[in-house]
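Trainee: Would you mind keeping the following structure in view while I ask a few things?
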Amino acid sequence: MTTTVNAAKSDDGVLIRRPGPQELHPVRTHRRRRALELTLAVAVPLLLVLLWQLAAAQSWIDDRVYPAPSTVLADGWDRAGAGELWPDVRATLKRVLGGYAIGTVTGYALGLLMGSLSLVRAALEPLLDALYVVPKLALLPVFLNMFGLGEGPQIALVAATVFFFVWVSTMAAVLAVPVGHRDAGQVFGASPWQMFRHVLLPASLPAVLVGARIAAGVAVLVIVASEQIAAADGLGHLIFDSRALFQNDVMFVGIVCVAVLGVVFSELVRIAGRLLTPWAPRDRGH
């Protein structure tokens with residue numbers, strides 16, 4: 001939070017510094033700031049939705065192609081009430097969570113190992129760099145050959161995507177730990193476990209969790225694209241199938257569900273990061 005102060009010169013040329021409202025009333029100022037941020041966060045999407053509704057009502061856009069938000073909401077409500085929406089949501093959520101857990105654990109373990117041991121890094125980094133730039137959807141046929149039809153290829157694709165994000169952020173975070181921190185641990189005779197527990201982990205975990213949060217959003221994107229290609233259920237399949245049948249209202253229901261799922265998942269990872277790293281600077285006001 002920035003501090004606003006008032007400064008003025010007296011008659012004899014002395015600069016007089018007066019505290020601003022953020023110094024005099026920090027709690028009140030912070031509440032006003034958070035209220036303004038929350039208002040903007042809600043108002044901007046709401047205005048866009050209202051503009052979309054108005055455009056559909058005034059026939060500025062073809063509501064057969066871009067149905068009004070009220071139509072999308074009513075259709076989504078009906079499908080949810082009839083139990084037609086939840087199987088696709090559960091299928092996508094199961095694949096995302098399974099792949100995310102596998103990719104996060106393996107990416108963190110290997111990133112920590114490569115960041116700590118230079119020989120391991122020299123041996124594996126060129127290979128992983130080459131695999132990192134390969135579009136992950138290009139690996140879907142490989143996973144189909146390996147695991148066959150079913151949940152395996154979908155989960156493996158998400159795991160591979162998440163793995164590289166977490167691996168890169170973890171290795172970079174470990175390498176960025178200041179040498180002075182490591183030297184201090186060695187001076188006090190820290191064992192390898194103590195060095196990890198009290199030096200490497202606290203110093204690197206905030207950056208690792210940033211990578212994990214980015215990976216959460218990307219995991220949702222990848223699974224939706226994968227379900228459009230090789231799945232019989234899930235939100236991606238719902239979007240693709242409804243578009244092929246010219247059910248554009250159902251297609252937008254799926255898109256809205258994907259957006260909500262991505263936001264909630266990313267927010268949960270962010271909250272978990274704040275709980276695990278109370279010493280790290282927060283990405284929002286507090």
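For the structure tokens, the naming scheme is as follows: chains receive sequential letters (A, B, ...) according to their order of presentation, residues are indexed from 1 within each chain, and ligands are indexed from 1 in presentation order.
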Please run DSSP on the backbone and report, as a list in words, all residues within range 4-245 of chain A that come out as strand (DSSP E).
Mentor: Val5, Asn6, Ala7, Ala8, Lys9, Leu15, Ile16, Arg17, Arg18 and Pro19 of chain A
Trainee: Write out the residues from the selection above, keeping N, CA and C atoms, as an mmCIF file, in the first residue's frame.
Mentor:
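See part_27.cif below for the written result:
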data_model
loop_
_atom_site.group_PDB
_atom_site.id
_atom_site.type_symbol
_atom_site.label_atom_id
_atom_site.label_comp_id
_atom_site.auth_asym_id
_atom_site.auth_seq_id
_atom_site.Cartn_x
_atom_site.Cartn_y
_atom_site.Cartn_z
ATOM 1 N N VAL A 5 1.240 11.562 1.581
ATOM 2 C CA VAL A 5 1.560 12.578 2.576
ATOM 3 C C VAL A 5 1.417 13.931 1.930
ATOM 4 N N ASN A 6 1.176 14.922 2.752
ATOM 5 C CA ASN A 6 1.105 16.305 2.306
ATOM 6 C C ASN A 6 2.345 17.031 2.783
ATOM 7 N N ALA A 7 2.954 17.758 1.909
ATOM 8 C CA ALA A 7 4.161 18.504 2.255
ATOM 9 C C ALA A 7 3.994 19.950 1.817
ATOM 10 N N ALA A 8 4.446 20.828 2.631
ATOM 11 C CA ALA A 8 4.380 22.258 2.319
ATOM 12 C C ALA A 8 5.568 22.950 2.963
ATOM 13 N N LYS A 9 5.930 24.073 2.406
ATOM 14 C CA LYS A 9 7.039 24.858 2.947
ATOM 15 C C LYS A 9 6.500 25.987 3.813
ATOM 16 N N LEU A 15 10.636 22.530 5.094
ATOM 17 C CA LEU A 15 9.648 21.609 4.533
ATOM 18 C C LEU A 15 8.909 20.911 5.671
ATOM 19 N N ILE A 16 7.601 21.057 5.687
ATOM 20 C CA ILE A 16 6.762 20.463 6.722
ATOM 21 C C ILE A 16 6.019 19.274 6.114
ATOM 22 N N ARG A 17 6.195 18.151 6.722
ATOM 23 C CA ARG A 17 5.555 16.916 6.240
ATOM 24 C C ARG A 17 4.364 16.590 7.122
ATOM 25 N N ARG A 18 3.197 16.492 6.491
ATOM 26 C CA ARG A 18 1.979 16.162 7.224
ATOM 27 C C ARG A 18 1.503 14.778 6.802
ATOM 28 N N PRO A 19 1.092 13.942 7.751
ATOM 29 C CA PRO A 19 0.613 12.595 7.410
ATOM 30 C C PRO A 19 -0.668 12.659 6.585
#
Trainee: Find the residues around Gly115 in chain A up to 9 Å (only C-alpha atoms counted), leave out those fewer than 3 positions away in its own chain, and share them as number ranges by chain.
Mentor: A: 110-112, 118, 120-121, 170-175
Trainee: Dump N, CA, C and O atoms for the selected residues as a PDB file, in the first residue's frame?
Mentor:
ATOM      1  N   LEU A 110      10.798 -33.173  -8.868  1.00  0.00           N
ATOM      2  CA  LEU A 110      11.905 -33.102  -9.816  1.00  0.00           C
ATOM      3  C   LEU A 110      12.507 -31.697  -9.861  1.00  0.00           C
ATOM      4  O   LEU A 110      13.728 -31.543  -9.982  1.00  0.00           O
ATOM      5  N   GLY A 111      11.674 -30.676  -9.741  1.00  0.00           N
ATOM      6  CA  GLY A 111      12.195 -29.310  -9.728  1.00  0.00           C
ATOM      7  C   GLY A 111      13.078 -29.046  -8.531  1.00  0.00           C
ATOM      8  O   GLY A 111      14.119 -28.389  -8.639  1.00  0.00           O
ATOM      9  N   LEU A 112      12.677 -29.586  -7.390  1.00  0.00           N
ATOM     10  CA  LEU A 112      13.495 -29.444  -6.185  1.00  0.00           C
ATOM     11  C   LEU A 112      14.816 -30.188  -6.339  1.00  0.00           C
ATOM     12  O   LEU A 112      15.884 -29.678  -5.968  1.00  0.00           O
ATOM     13  N   SER A 118      23.332 -29.929  -9.197  1.00  0.00           N
ATOM     14  CA  SER A 118      23.715 -29.430 -10.524  1.00  0.00           C
ATOM     15  C   SER A 118      23.906 -30.559 -11.534  1.00  0.00           C
ATOM     16  O   SER A 118      23.607 -30.384 -12.725  1.00  0.00           O
ATOM     17  N   VAL A 120      22.284 -33.458 -11.695  1.00  0.00           N
ATOM     18  CA  VAL A 120      20.959 -33.891 -12.143  1.00  0.00           C
ATOM     19  C   VAL A 120      20.379 -32.870 -13.105  1.00  0.00           C
ATOM     20  O   VAL A 120      19.771 -33.224 -14.133  1.00  0.00           O
ATOM     21  N   ARG A 121      20.578 -31.595 -12.808  1.00  0.00           N
ATOM     22  CA  ARG A 121      20.090 -30.544 -13.692  1.00  0.00           C
ATOM     23  C   ARG A 121      20.772 -30.605 -15.053  1.00  0.00           C
ATOM     24  O   ARG A 121      20.126 -30.464 -16.100  1.00  0.00           O
ATOM     25  N   THR A 170       9.505 -24.389  -9.775  1.00  0.00           N
ATOM     26  CA  THR A 170      10.217 -24.922  -8.609  1.00  0.00           C
ATOM     27  C   THR A 170      11.719 -24.845  -8.798  1.00  0.00           C
ATOM     28  O   THR A 170      12.445 -24.391  -7.898  1.00  0.00           O
ATOM     29  N   MET A 171      12.220 -25.289  -9.937  1.00  0.00           N
ATOM     30  CA  MET A 171      13.656 -25.255 -10.173  1.00  0.00           C
ATOM     31  C   MET A 171      14.183 -23.823 -10.151  1.00  0.00           C
ATOM     32  O   MET A 171      15.225 -23.537  -9.542  1.00  0.00           O
ATOM     33  N   ALA A 172      13.450 -22.909 -10.784  1.00  0.00           N
ATOM     34  CA  ALA A 172      13.873 -21.508 -10.787  1.00  0.00           C
ATOM     35  C   ALA A 172      13.843 -20.916  -9.381  1.00  0.00           C
ATOM     36  O   ALA A 172      14.730 -20.140  -9.003  1.00  0.00           O
ATOM     37  N   ALA A 173      12.836 -21.290  -8.593  1.00  0.00           N
ATOM     38  CA  ALA A 173      12.736 -20.760  -7.236  1.00  0.00           C
ATOM     39  C   ALA A 173      13.867 -21.263  -6.359  1.00  0.00           C
ATOM     40  O   ALA A 173      14.437 -20.505  -5.550  1.00  0.00           O
ATOM     41  N   VAL A 174      14.229 -22.538  -6.490  1.00  0.00           N
ATOM     42  CA  VAL A 174      15.322 -23.087  -5.691  1.00  0.00           C
ATOM     43  C   VAL A 174      16.647 -22.451  -6.097  1.00  0.00           C
ATOM     44  O   VAL A 174      17.478 -22.103  -5.240  1.00  0.00           O
ATOM     45  N   LEU A 175      16.861 -22.276  -7.393  1.00  0.00           N
ATOM     46  CA  LEU A 175      18.104 -21.646  -7.850  1.00  0.00           C
ATOM     47  C   LEU A 175      18.194 -20.181  -7.415  1.00  0.00           C
ATOM     48  O   LEU A 175      19.292 -19.640  -7.293  1.00  0.00           O
TER      49      LEU A 175
END
Trainee: Tell me, which residues of range 7-203 of chain A carry DSSP alpha helix (DSSP H), written as a PyMOL selection string?
Mentor: chain A and resi 21-24+26-57+69-81+86-116+118-132+140-147+151-175+179-187+192-195+201-203
Trainee: What lies within 7 Å of range 237-244 of chain A using only C-alpha atoms, ignoring chain neighbours under 6 positions off, as a PDB file with N, CA and C atoms, in the first residue's frame?
Mentor:
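selection01.pdb was written with the following content:
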ATOM      1  N   GLU A 227     -11.186 -32.896 -24.144  1.00  0.00           N
ATOM      2  CA  GLU A 227     -12.507 -33.507 -24.158  1.00  0.00           C
ATOM      3  C   GLU A 227     -13.238 -33.261 -25.466  1.00  0.00           C
ATOM      4  N   GLN A 228     -12.911 -32.198 -26.149  1.00  0.00           N
ATOM      5  CA  GLN A 228     -13.517 -31.951 -27.448  1.00  0.00           C
ATOM      6  C   GLN A 228     -13.008 -32.918 -28.504  1.00  0.00           C
ATOM      7  N   ALA A 231     -13.248 -37.605 -25.944  1.00  0.00           N
ATOM      8  CA  ALA A 231     -13.997 -37.910 -24.727  1.00  0.00           C
ATOM      9  C   ALA A 231     -15.477 -38.022 -25.078  1.00  0.00           C
ATOM     10  N   VAL A 250     -26.878 -24.142 -25.180  1.00  0.00           N
ATOM     11  CA  VAL A 250     -26.200 -25.170 -24.392  1.00  0.00           C
ATOM     12  C   VAL A 250     -24.685 -24.978 -24.462  1.00  0.00           C
ATOM     13  N   MET A 251     -24.195 -24.572 -25.632  1.00  0.00           N
ATOM     14  CA  MET A 251     -22.764 -24.326 -25.770  1.00  0.00           C
ATOM     15  C   MET A 251     -22.295 -23.246 -24.802  1.00  0.00           C
ATOM     16  N   GLY A 254     -22.028 -24.478 -21.240  1.00  0.00           N
ATOM     17  CA  GLY A 254     -20.753 -25.156 -21.002  1.00  0.00           C
ATOM     18  C   GLY A 254     -19.605 -24.189 -20.847  1.00  0.00           C
ATOM     19  N   ILE A 255     -19.583 -23.125 -21.667  1.00  0.00           N
ATOM     20  CA  ILE A 255     -18.504 -22.138 -21.575  1.00  0.00           C
ATOM     21  C   ILE A 255     -18.536 -21.434 -20.220  1.00  0.00           C
TER      22      ILE A 255
END
Trainee: Between A:Glu125, A:Ser204, A:Leu275, A:Pro141, which has the minimum distance to Ala230 in chain A (counting only C-alpha atoms)?
Mentor: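 Closest residue, counting only C-alpha atoms: A:Pro141.
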Trainee: Report as a list in words all protein, DNA and RNA residues lying within 9 Å of range 103-107 of chain A, evaluated on only C-alpha atoms, omitting residues in the same chain fewer than 2 positions from it.
Mentor: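 Once the adjacent positions are removed, what remains is Gly98, Gly99, Tyr100, Ala101, Ala109, Leu110, Gly111, Leu112, Ala156, Val158, Ala159, Ala160, Thr161, Val162, Phe163, Phe164, Phe165, Val166, Trp167, Val168, Thr170, Ala212 and Ala215 of chain A.
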Trainee: Using C-alpha atoms, can you export the residues from the last selection as an mmCIF file, in the first residue's frame?
Mentor:
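Output contents, as saved in part_24.cif:
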data_model
loop_
_atom_site.group_PDB
_atom_site.id
_atom_site.type_symbol
_atom_site.label_atom_id
_atom_site.label_comp_id
_atom_site.auth_asym_id
_atom_site.auth_seq_id
_atom_site.Cartn_x
_atom_site.Cartn_y
_atom_site.Cartn_z
ATOM 1 C CA GLY A 98 -6.414 -36.172 -10.781
ATOM 2 C CA GLY A 99 -4.030 -34.798 -13.384
ATOM 3 C CA TYR A 100 -3.279 -31.709 -11.319
ATOM 4 C CA ALA A 101 -2.329 -33.762 -8.255
ATOM 5 C CA ALA A 109 9.866 -33.249 -6.610
ATOM 6 C CA LEU A 110 11.905 -33.102 -9.816
ATOM 7 C CA GLY A 111 12.195 -29.310 -9.728
ATOM 8 C CA LEU A 112 13.495 -29.444 -6.185
ATOM 9 C CA ALA A 156 -2.138 -37.948 -18.276
ATOM 10 C CA VAL A 158 -3.391 -32.647 -17.599
ATOM 11 C CA ALA A 159 -0.585 -34.135 -15.503
ATOM 12 C CA ALA A 160 1.974 -33.505 -18.268
ATOM 13 C CA THR A 161 0.812 -29.907 -18.656
ATOM 14 C CA VAL A 162 0.869 -29.155 -14.937
ATOM 15 C CA PHE A 163 4.189 -30.950 -14.476
ATOM 16 C CA PHE A 164 6.121 -28.548 -16.695
ATOM 17 C CA PHE A 165 4.690 -25.416 -15.103
ATOM 18 C CA VAL A 166 5.435 -26.628 -11.588
ATOM 19 C CA TRP A 167 8.834 -28.037 -12.547
ATOM 20 C CA VAL A 168 10.026 -24.797 -14.130
ATOM 21 C CA THR A 170 10.217 -24.922 -8.609
ATOM 22 C CA ALA A 212 0.955 -23.938 -9.295
ATOM 23 C CA ALA A 215 -0.974 -24.391 -13.810
#
Trainee: Can you pull out the residues contacting range 84-97 of chain A? Cut-off 9 Å, using only C-alpha atoms, and skip same-chain residues under 3 positions away; I want them as a VMD selection string.
Mentor: chain A and resid 76 78 to 81 100 to 102 151 to 152 154 to 156 158 to 159 216 219 to 220 223 to 224 227 233 to 238 254 257 to 258 261
Trainee: Report, in Å to a single decimal, how far apart CA of Ala56 in chain A and CA of Ala68 in chain A are.
Mentor: 5.5 Å
Trainee: Considering only C-alpha atoms, state which residue in the set A:Ala74, A:Arg33, A:Leu113, A:Ile229 is at the smallest distance from Leu200 in chain A.
Mentor: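 When distances to Leu200 in chain A are compared using only C-alpha atoms, the smallest one comes from A:Leu113.
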Trainee: May I ask for the distance between CA of Tyr132 in chain A and CA of Pro153 in chain A, given in Å to one decimal place?
Mentor: 18.1 Å
Trainee: To one decimal place in Å, what is the distance between CA of Phe143 in chain A and CA of Val263 in chain A?
Mentor: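 Spanning CA of Phe143 in chain A to CA of Val263 in chain A is a straight-line distance of 27.5 Å.
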